[in-house]
file my_file-v6.cif (mmCIF, C-alpha atoms)
data_target
#
loop_
_atom_site.label_atom_id
_atom_site.label_comp_id
_atom_site.auth_asym_id
_atom_site.auth_seq_id
_atom_site.Cartn_x
_atom_site.Cartn_y
_atom_site.Cartn_z
CA MET S 1 196.47 59.63 167.43
CA THR S 2 195.07 56.61 165.60
CA ALA S 3 193.46 53.53 167.16
CA ASN S 4 196.70 51.55 167.02
CA GLY S 5 198.57 54.11 169.09
CA PHE S 6 200.41 55.85 166.24
CA THR S 7 200.11 59.49 165.33
CA GLU S 8 199.92 60.63 161.75
CA PRO S 9 203.10 62.01 160.11
CA ASP S 10 203.45 65.74 160.63
CA THR S 11 204.55 68.34 158.11
CA ARG S 12 207.28 69.99 160.14
CA PRO S 13 210.92 69.85 158.96
CA ALA S 14 212.26 66.31 158.68
CA VAL S 15 215.07 64.74 160.66
CA SER S 16 218.37 66.30 159.68
CA ASP S 17 221.90 64.92 159.51
CA SER S 18 223.21 68.17 160.95
CA PRO S 19 225.64 67.64 163.87
CA ALA S 20 223.35 69.89 165.92
CA VAL S 21 220.61 67.26 165.77
CA ALA S 22 221.07 64.14 167.91
CA ILE S 23 219.94 61.73 165.21
CA ARG S 24 220.33 57.97 165.59
CA HIS S 25 221.00 55.99 162.41
CA VAL S 26 219.46 52.50 162.37
CA LEU S 27 220.47 49.90 159.75
CA LEU S 28 218.11 46.96 159.21
CA PHE S 29 219.06 44.04 156.96
CA GLY S 30 216.69 41.19 156.24
CA ALA S 31 213.88 39.84 154.14
CA SER S 32 210.29 38.77 154.73
CA ASN S 33 210.27 39.10 158.52
CA LEU S 34 211.14 42.79 158.17
CA VAL S 35 208.39 43.19 155.57
CA LEU S 36 205.65 41.35 157.47
CA GLY S 37 206.73 42.83 160.78
CA TRP S 38 207.19 46.41 159.56
CA PRO S 39 204.43 47.98 161.74
CA ALA S 40 205.64 46.11 164.85
CA LEU S 41 209.26 46.84 164.01
CA THR S 42 208.81 50.60 163.65
CA ARG S 43 206.57 50.74 166.71
CA GLN S 44 209.09 48.93 168.92
CA LEU S 45 212.00 50.90 167.52
CA GLN S 46 210.42 54.24 168.39
CA GLN S 47 209.32 53.05 171.80
CA GLN S 48 212.82 51.90 172.74
CA ILE S 49 214.95 54.64 171.17
CA ALA S 50 213.69 58.01 172.39
CA GLN S 51 215.40 60.23 169.85
CA PRO S 52 215.07 61.16 166.16
CA LEU S 53 215.74 58.14 163.95
CA HIS S 54 216.81 57.57 160.37
CA ILE S 55 216.17 53.99 159.28
CA HIS S 56 218.29 52.67 156.42
CA THR S 57 217.02 49.26 155.37
CA CYS S 58 217.55 46.48 152.87
CA LEU S 59 214.42 44.32 153.00
CA GLY S 60 211.99 42.49 150.74
CA MET S 61 210.20 39.17 150.44
CA GLY S 62 212.80 36.52 149.66
CA ARG S 63 215.65 39.04 149.85
CA SER S 64 219.10 37.52 149.47
CA TYR S 65 222.33 38.83 150.93
CA ILE S 66 224.26 37.51 147.93
CA ARG S 67 222.30 37.63 144.67
CA PRO S 68 219.28 39.34 143.06
CA SER S 69 216.07 37.74 144.30
CA ARG S 70 212.70 37.39 142.61
CA CYS S 71 209.26 37.46 144.21
CA LEU S 72 206.51 37.12 141.62
CA ALA S 73 207.46 39.68 138.92
CA ARG S 74 209.68 41.80 141.19
CA VAL S 75 213.49 41.54 141.43
CA LEU S 76 215.60 43.21 144.12
CA PRO S 77 219.41 43.37 144.18
CA GLY S 78 221.27 41.31 146.74
CA ILE S 79 221.99 43.18 149.95
CA LEU S 80 225.71 43.27 149.16
CA GLU S 81 224.87 44.61 145.68
CA SER S 82 222.50 47.32 146.87
CA ARG S 83 223.22 51.05 146.63
CA LEU S 84 223.02 51.39 150.40
CA TRP S 85 226.78 51.14 150.55
CA GLN S 86 227.22 54.19 148.30
CA ASN S 87 224.61 56.16 150.25
CA LEU S 88 225.52 55.62 153.87
CA PRO S 89 225.23 58.93 155.77
CA ARG S 90 227.97 60.77 157.55
CA PRO S 91 228.29 59.18 161.02
CA SER S 92 226.40 61.11 163.69
CA ALA S 93 227.27 61.71 167.31
CA ALA S 94 225.39 58.59 168.43
CA PRO S 95 226.70 55.14 167.42
CA PRO S 96 224.51 53.50 164.76
CA LEU S 97 222.28 50.57 165.65
CA VAL S 98 222.29 47.55 163.33
CA LEU S 99 220.11 44.44 163.00
CA LEU S 100 220.98 41.55 160.66
CA THR S 101 218.26 38.94 160.30
CA ASP S 102 216.72 36.44 157.84
CA VAL S 103 220.20 35.11 157.07
CA GLY S 104 218.88 31.63 156.28
CA ASN S 105 217.13 32.70 153.07
CA ASP S 106 220.26 32.01 151.05
CA ILE S 107 220.07 28.33 151.98
CA ILE S 108 216.97 28.16 149.78
CA TYR S 109 218.99 29.70 146.94
CA ARG S 110 221.48 26.83 147.26
CA PHE S 111 224.43 28.84 148.51
CA SER S 112 226.80 26.95 150.78
CA VAL S 113 226.78 27.77 154.47
CA THR S 114 230.36 29.02 154.07
CA ASP S 115 229.27 31.42 151.32
CA ILE S 116 226.46 32.71 153.53
CA GLN S 117 228.74 33.20 156.52
CA GLN S 118 231.19 35.07 154.31
CA ALA S 119 228.38 37.30 153.02
CA VAL S 120 227.40 38.15 156.59
CA ALA S 121 231.06 38.79 157.45
CA GLU S 122 231.38 41.13 154.45
CA THR S 123 228.25 42.99 155.54
CA LEU S 124 229.77 43.43 158.99
CA HIS S 125 233.07 44.58 157.52
CA ARG S 126 231.36 47.27 155.46
CA ILE S 127 229.34 48.48 158.44
CA ARG S 128 232.38 48.78 160.66
CA THR S 129 234.44 50.40 157.93
CA TRP S 130 231.72 53.03 157.74
CA ASP S 131 231.44 53.44 161.54
CA ALA S 132 233.51 51.30 163.89
CA ARG S 133 231.20 52.17 166.81
CA ALA S 134 228.22 50.33 165.28
CA ASP S 135 226.17 48.37 167.83
CA ILE S 136 225.24 45.17 165.97
CA VAL S 137 222.71 42.44 166.73
CA LEU S 138 222.65 39.29 164.59
CA THR S 139 219.73 36.87 164.80
CA GLY S 140 220.09 33.13 164.68
CA LEU S 141 218.10 30.71 162.54
CA PRO S 142 214.77 29.13 163.58
CA VAL S 143 216.38 25.71 163.86
CA GLN S 144 213.87 24.45 166.44
CA ALA S 145 210.95 25.31 164.19
CA LEU S 146 212.66 23.51 161.30
CA ASP S 147 213.35 20.48 163.48
CA ASP S 148 209.64 20.29 164.35
CA LEU S 149 208.54 20.58 160.72
CA THR S 150 206.91 17.54 159.13
CA PRO S 151 207.73 16.62 155.51
CA PHE S 152 204.16 17.47 154.45
CA ARG S 153 204.27 20.94 156.00
CA PHE S 154 207.73 21.50 154.50
CA GLN S 155 206.41 20.74 151.02
CA ILE S 156 203.57 23.22 151.48
CA ALA S 157 205.89 25.92 152.86
CA ARG S 158 208.40 25.43 150.04
CA ARG S 159 205.72 25.65 147.36
CA LEU S 160 204.17 28.76 148.87
CA LEU S 161 207.36 30.62 149.75
CA PHE S 162 210.06 29.36 147.38
CA GLN S 163 208.51 27.87 144.27
CA GLY S 164 210.88 25.78 142.20
CA SER S 165 213.45 25.23 144.95
CA PRO S 166 214.77 21.65 144.99
CA LEU S 167 215.85 21.89 148.64
CA THR S 168 214.80 18.91 150.75
CA LEU S 169 213.78 19.00 154.39
CA THR S 170 216.85 16.97 155.38
CA GLU S 171 219.11 19.44 153.59
CA ALA S 172 217.32 22.43 155.08
CA ARG S 173 217.71 21.11 158.63
CA GLN S 174 221.35 20.10 158.19
CA GLN S 175 222.41 23.35 156.57
CA ALA S 176 220.46 25.46 159.06
CA HIS S 177 222.30 23.80 161.95
CA GLU S 178 225.66 24.15 160.18
CA LEU S 179 225.02 27.82 159.45
CA GLN S 180 223.90 28.39 163.02
CA GLN S 181 227.24 27.04 164.23
CA LEU S 182 229.16 29.25 161.80
CA LEU S 183 227.19 32.30 162.89
CA GLY S 184 228.04 31.49 166.50
CA LEU S 185 231.74 31.39 165.63
CA LEU S 186 231.44 34.63 163.66
CA ALA S 187 229.61 36.36 166.51
CA ALA S 188 232.27 35.30 168.99
CA ASP S 189 235.07 36.43 166.70
CA GLN S 190 233.42 39.76 165.85
CA GLN S 191 232.07 40.37 169.37
CA LEU S 192 228.48 40.50 168.18
CA ARG S 193 225.28 39.87 170.06
CA LEU S 194 223.80 36.71 168.53
CA VAL S 195 220.13 36.41 169.57
CA GLN S 196 218.28 33.16 169.00
CA PRO S 197 214.60 33.46 168.03
CA ASP S 198 212.11 31.83 170.39
CA ARG S 199 210.40 28.67 169.14
CA ALA S 200 207.08 30.03 170.40
CA TRP S 201 207.25 32.85 167.85
CA TYR S 202 206.58 30.37 165.01
CA GLY S 203 203.51 28.36 164.13
CA LEU S 204 202.87 26.21 161.06
CA ASP S 205 205.11 28.56 159.09
CA PRO S 206 208.67 27.69 160.20
CA ILE S 207 210.39 30.93 159.14
CA HIS S 208 207.95 33.79 159.77
CA TYR S 209 206.94 35.12 163.19
CA ARG S 210 203.31 34.69 164.17
CA ARG S 211 201.45 37.98 163.85
CA ARG S 212 200.85 38.19 167.58
CA CYS S 213 204.55 37.56 168.30
CA ARG S 214 206.07 40.21 166.03
CA ASP S 215 206.18 42.96 168.65
CA THR S 216 207.81 40.55 171.10
CA ALA S 217 210.38 39.41 168.55
CA PHE S 218 211.54 42.89 167.61
CA GLN S 219 211.38 44.15 171.20
CA THR S 220 213.67 41.25 172.12
CA TYR S 221 216.17 42.04 169.37
CA PHE S 222 216.20 45.80 169.94
CA SER S 223 216.57 45.39 173.70
CA ARG S 224 219.99 43.84 173.09
CA TRP S 225 221.42 47.10 171.77
CA ALA S 226 223.56 48.82 174.37
CA VAL S 227 221.84 52.18 174.11
CA SER S 228 223.10 54.11 177.14
CA SER S 229 221.13 56.91 178.74
CA SER S 230 224.03 59.29 178.17
CA ALA S 231 224.07 58.58 174.43
CA ALA S 232 220.34 58.88 173.88
CA THR S 233 218.79 62.31 173.83
CA SER S 234 215.46 61.69 175.53
CA PRO S 235 212.75 64.28 174.94
CA THR S 236 211.30 66.06 177.92
CA PRO S 237 207.85 64.93 179.10
CA GLU S 238 206.48 68.30 177.97
CA CYS S 239 207.72 67.71 174.40
CA PRO S 240 207.68 63.99 173.57
CA LEU S 241 208.61 62.79 170.12
CA PRO S 242 205.58 61.65 168.12
CA THR S 243 205.28 57.96 167.33
CA VAL S 244 204.57 57.65 163.62
CA ALA S 245 203.54 54.77 161.37
CA PRO S 246 205.63 54.86 158.20
CA PRO S 247 204.29 52.76 155.32
CA LEU S 248 206.29 49.80 154.10
CA PRO S 249 209.09 51.48 152.14
CA ILE S 250 209.64 51.12 148.40
CA SER S 251 213.20 50.07 147.65
CA ALA S 252 215.39 52.37 145.59
CA ASP S 253 215.98 49.88 142.76
CA VAL S 254 213.18 47.52 141.76
CA THR S 255 213.08 45.59 138.49
CA ARG S 256 209.72 44.40 137.18
CA ARG S 257 209.47 42.45 133.94
CA GLY S 258 212.93 43.61 132.97
CA ARG S 259 212.27 47.30 133.64
CA LEU S 260 214.20 49.07 136.40
CA THR S 261 212.31 51.59 138.52
CA VAL S 262 214.41 53.95 140.64
CA THR S 263 212.72 55.55 143.66
CA PRO S 264 214.38 58.57 145.32
CA GLN S 265 215.23 58.15 148.98
CA PRO S 266 214.24 58.74 151.73
CA VAL S 267 210.71 57.55 151.06
CA PHE S 268 209.31 58.73 154.40
CA GLN S 269 210.08 61.84 156.45
CA SER S 270 208.60 63.26 159.62
CA ARG S 271 209.90 65.35 162.50
CA SER S 272 211.07 62.26 164.38
CA LEU S 273 211.64 59.60 161.73
CA GLN S 274 213.09 59.13 158.25
CA VAL S 275 213.09 55.89 156.24
CA SER S 276 215.37 55.02 153.32
CA ALA S 277 215.17 51.63 151.61
CA TRP S 278 217.75 50.10 149.32
#

call {"tool": "encode", "arguments": {"input": "my_file-v6.cif", "output": "structure tokens"}}
result
Amino acid sequence: MTANGFTEPDTRPAVSDSPAVAIRHVLLFGASNLVLGWPALTRQLQQQIAQPLHIHTCLGMGRSYIRPSRCLARVLPGILESRLWQNLPRPSAAPPLVLLTDVGNDIIYRFSVTDIQQAVAETLHRIRTWDARADIVLTGLPVQALDDLTPFRFQIARRLLFQGSPLTLTEARQQAHELQQLLGLLAADQQLRLVQPDRAWYGLDPIHYRRRCRDTAFQTYFSRWAVSSSAATSPTPECPLPTVAPPLPISADVTRRGRLTVTPQPVFQSRSLQVSAW
């Protein structure tokens, strides 16, 4: 076991999709908060779900639900354009767990709040078409942190995080509140759990969780899944599942300077955890 409480990946056979194995599929959709919070995210996930896991994620700095997004020289496909949808596994005995977060990124890319809501709705439709039992948590926008943001800090944040965006602070606040309302309506209509992030999780940066708050943020989101004791296959105390620390995954399709690199998935495998990134 390492100093941070994780054990190193073992070399025993990886998690299997065989019906005989009580695997839990976890779908994570988001952008920079999933990237920056990856260690906290995987730690909290394994602590709360005591069974073999296969994470399927669409993540990346600046990741858009709608269009390809660039960060420095790297381009990732939009979440709705990703190959995840062609590579979803056969549903297992346990209902899949789903987290949708970082929805507000597409405001920066100048999509209308209606377009963004429709993109989220399409994501939900695809998930439930794949497995109608999916237990889905949707996170709200950090509207309080945006409301507290000064124009000077907004200019700095925009230059650091979204260079070249013409979005103004007034527009960002207005559209964030409008999108928050639309997400509330969507959550009510789709019977989703909409979880609002805590203002205390943010500091000078209005969209990324403070480092010390990342475990709390993901523990809060994951605790809203209705994982029943009868559905989870808890290991016996004599044979606990190891807690592993998977590295930040490399997405299947990454374009750099016009050249597409395809990475086979999954990118991480251990006895208790697999990770695939799209």

call {"tool": "residues_around", "arguments": {"input": "my_file-v6.cif", "residues": "S:Ile66", "least_positions_apart": "5", "cutoff": "8 Å", "atoms": "only C-alpha atoms", "output": "number ranges by chain"}}
result
S: 78-81, 106, 116, 119

call {"tool": "residues_around", "arguments": {"input": "my_file-v6.cif", "residues": "S:Pro247", "least_positions_apart": "6", "cutoff": "10 Å", "atoms": "all atoms listed in the file", "output": "list in words"}}
result
Trp38, Pro39, Thr42, Val267, Phe268 and Val275 of chain S

call {"tool": "closest_residue", "arguments": {"input": "my_file-v6.cif", "among": "S:Val137, S:Arg128, S:Leu146, S:Ile108", "to": "S:Ser165", "atoms": "all atoms listed in the file"}}
result
S:Ile108

call {"tool": "resolve_selection", "arguments": {"input": "my_file-v6.cif", "expression": "the PyMOL selection byres ((chain S and resi 130) around 10)", "output": "short mmCIF file (atom, residue, chain, number, x, y, z; two decimals) with C-alpha atoms, in the coordinates of the input"}}
result
data_model
loop_
_atom_site.label_atom_id
_atom_site.label_comp_id
_atom_site.auth_asym_id
_atom_site.auth_seq_id
_atom_site.Cartn_x
_atom_site.Cartn_y
_atom_site.Cartn_z
CA TRP S 85 226.78 51.14 150.55
CA LEU S 88 225.52 55.62 153.87
CA PRO S 89 225.23 58.93 155.77
CA ARG S 90 227.97 60.77 157.55
CA PRO S 91 228.29 59.18 161.02
CA LEU S 124 229.77 43.43 158.99
CA HIS S 125 233.07 44.58 157.52
CA ARG S 126 231.36 47.27 155.46
CA ILE S 127 229.34 48.48 158.44
CA ARG S 128 232.38 48.78 160.66
CA THR S 129 234.44 50.40 157.93
CA ASP S 131 231.44 53.44 161.54
CA ALA S 132 233.51 51.30 163.89
CA ARG S 133 231.20 52.17 166.81
CA ALA S 134 228.22 50.33 165.28
#

call {"tool": "axis_aligned_box", "arguments": {"input": "my_file-v6.cif", "around": "stretch 70-75 of chain S", "padding_each_side": "8 Å", "output": "AutoDock Vina command-line options"}}
result
--center_x 210.0 --center_y 39.5 --center_z 141.6 --size_x 23.0 --size_y 20.7 --size_z 21.3

call {"tool": "resolve_selection", "arguments": {"input": "my_file-v6.cif", "expression": "the PyMOL selection byres ((chain S and resi 202) around 12)", "output": "number ranges by chain"}}
result
S: 33, 141-146, 148-149, 197-201, 203-214, 216-217

call {"tool": "closest_residue", "arguments": {"input": "my_file-v6.cif", "among": "S:Thr114, S:Gln196, S:Ser251, S:Asn105", "to": "S:Ser82", "atoms": "all atoms listed in the file"}}
result
S:Ser251

call {"tool": "build_atoms", "arguments": {"input": "my_file-v6.cif", "residues": "stretch 189-219 of chain S", "atoms": "N, CA and C atoms", "output": "JSON list (two decimals), keeping the file's coordinate frame"}}
result
[["chain", "number", "residue", "atom", "x", "y", "z"],
["S", 189, "ASP", "N", 233.87, 35.79, 167.25],
["S", 189, "ASP", "CA", 235.07, 36.43, 166.70],
["S", 189, "ASP", "C", 234.90, 37.93, 166.53],
["S", 190, "GLN", "N", 233.68, 38.35, 166.13],
["S", 190, "GLN", "CA", 233.42, 39.76, 165.85],
["S", 190, "GLN", "C", 232.82, 40.49, 167.05],
["S", 191, "GLN", "N", 232.65, 39.79, 168.16],
["S", 191, "GLN", "CA", 232.07, 40.37, 169.37],
["S", 191, "GLN", "C", 230.68, 40.94, 169.09],
["S", 192, "LEU", "N", 229.85, 40.12, 168.48],
["S", 192, "LEU", "CA", 228.48, 40.50, 168.18],
["S", 192, "LEU", "C", 227.54, 39.91, 169.21],
["S", 193, "ARG", "N", 226.34, 40.47, 169.29],
["S", 193, "ARG", "CA", 225.28, 39.87, 170.06],
["S", 193, "ARG", "C", 224.48, 38.98, 169.13],
["S", 194, "LEU", "N", 224.57, 37.67, 169.32],
["S", 194, "LEU", "CA", 223.80, 36.71, 168.53],
["S", 194, "LEU", "C", 222.57, 36.33, 169.35],
["S", 195, "VAL", "N", 221.38, 36.65, 168.84],
["S", 195, "VAL", "CA", 220.13, 36.41, 169.57],
["S", 195, "VAL", "C", 219.35, 35.33, 168.86],
["S", 196, "GLN", "N", 219.01, 34.28, 169.59],
["S", 196, "GLN", "CA", 218.28, 33.16, 169.00],
["S", 196, "GLN", "C", 216.78, 33.41, 169.08],
["S", 197, "PRO", "N", 216.06, 33.28, 167.97],
["S", 197, "PRO", "CA", 214.60, 33.46, 168.03],
["S", 197, "PRO", "C", 213.94, 32.37, 168.88],
["S", 198, "ASP", "N", 212.85, 32.73, 169.52],
["S", 198, "ASP", "CA", 212.11, 31.83, 170.39],
["S", 198, "ASP", "C", 211.23, 30.90, 169.55],
["S", 199, "ARG", "N", 211.23, 29.63, 169.87],
["S", 199, "ARG", "CA", 210.40, 28.67, 169.14],
["S", 199, "ARG", "C", 208.93, 29.06, 169.17],
["S", 200, "ALA", "N", 208.49, 29.67, 170.26],
["S", 200, "ALA", "CA", 207.08, 30.03, 170.40],
["S", 200, "ALA", "C", 206.65, 31.12, 169.43],
["S", 201, "TRP", "N", 207.60, 31.80, 168.80],
["S", 201, "TRP", "CA", 207.25, 32.85, 167.85],
["S", 201, "TRP", "C", 206.75, 32.29, 166.52],
["S", 202, "TYR", "N", 206.92, 30.98, 166.29],
["S", 202, "TYR", "CA", 206.58, 30.37, 165.01],
["S", 202, "TYR", "C", 205.43, 29.40, 165.18],
["S", 203, "GLY", "N", 204.59, 29.32, 164.14],
["S", 203, "GLY", "CA", 203.51, 28.36, 164.13],
["S", 203, "GLY", "C", 203.72, 27.33, 163.04],
["S", 204, "LEU", "N", 202.73, 27.14, 162.17],
["S", 204, "LEU", "CA", 202.87, 26.21, 161.06],
["S", 204, "LEU", "C", 203.94, 26.68, 160.08],
["S", 205, "ASP", "N", 204.07, 27.97, 159.94],
["S", 205, "ASP", "CA", 205.11, 28.56, 159.09],
["S", 205, "ASP", "C", 206.42, 28.56, 159.89],
["S", 206, "PRO", "N", 207.45, 27.85, 159.41],
["S", 206, "PRO", "CA", 208.67, 27.69, 160.20],
["S", 206, "PRO", "C", 209.66, 28.84, 160.13],
["S", 207, "ILE", "N", 209.40, 29.86, 159.29],
["S", 207, "ILE", "CA", 210.39, 30.93, 159.14],
["S", 207, "ILE", "C", 209.85, 32.33, 159.41],
["S", 208, "HIS", "N", 208.54, 32.47, 159.52],
["S", 208, "HIS", "CA", 207.95, 33.79, 159.77],
["S", 208, "HIS", "C", 207.32, 33.84, 161.16],
["S", 209, "TYR", "N", 207.53, 34.96, 161.86],
["S", 209, "TYR", "CA", 206.94, 35.12, 163.19],
["S", 209, "TYR", "C", 205.42, 35.16, 163.09],
["S", 210, "ARG", "N", 204.76, 34.54, 164.07],
["S", 210, "ARG", "CA", 203.31, 34.69, 164.17],
["S", 210, "ARG", "C", 202.98, 36.18, 164.30],
["S", 211, "ARG", "N", 201.84, 36.57, 163.79],
["S", 211, "ARG", "CA", 201.45, 37.98, 163.85],
["S", 211, "ARG", "C", 201.47, 38.51, 165.28],
["S", 212, "ARG", "N", 200.94, 37.72, 166.20],
["S", 212, "ARG", "CA", 200.85, 38.19, 167.58],
["S", 212, "ARG", "C", 202.20, 38.21, 168.29],
["S", 213, "CYS", "N", 203.22, 37.62, 167.67],
["S", 213, "CYS", "CA", 204.55, 37.56, 168.30],
["S", 213, "CYS", "C", 205.53, 38.57, 167.71],
["S", 214, "ARG", "N", 205.12, 39.33, 166.72],
["S", 214, "ARG", "CA", 206.07, 40.21, 166.03],
["S", 214, "ARG", "C", 206.59, 41.32, 166.94],
["S", 215, "ASP", "N", 205.70, 41.93, 167.72],
["S", 215, "ASP", "CA", 206.18, 42.96, 168.65],
["S", 215, "ASP", "C", 207.19, 42.37, 169.63],
["S", 216, "THR", "N", 206.90, 41.19, 170.15],
["S", 216, "THR", "CA", 207.81, 40.55, 171.10],
["S", 216, "THR", "C", 209.15, 40.24, 170.47],
["S", 217, "ALA", "N", 209.13, 39.75, 169.23],
["S", 217, "ALA", "CA", 210.38, 39.41, 168.55],
["S", 217, "ALA", "C", 211.26, 40.63, 168.38],
["S", 218, "PHE", "N", 210.71, 41.71, 167.86],
["S", 218, "PHE", "CA", 211.54, 42.89, 167.61],
["S", 218, "PHE", "C", 211.90, 43.61, 168.91],
["S", 219, "GLN", "N", 211.02, 43.58, 169.89],
["S", 219, "GLN", "CA", 211.38, 44.15, 171.20],
["S", 219, "GLN", "C", 212.56, 43.39, 171.78]]
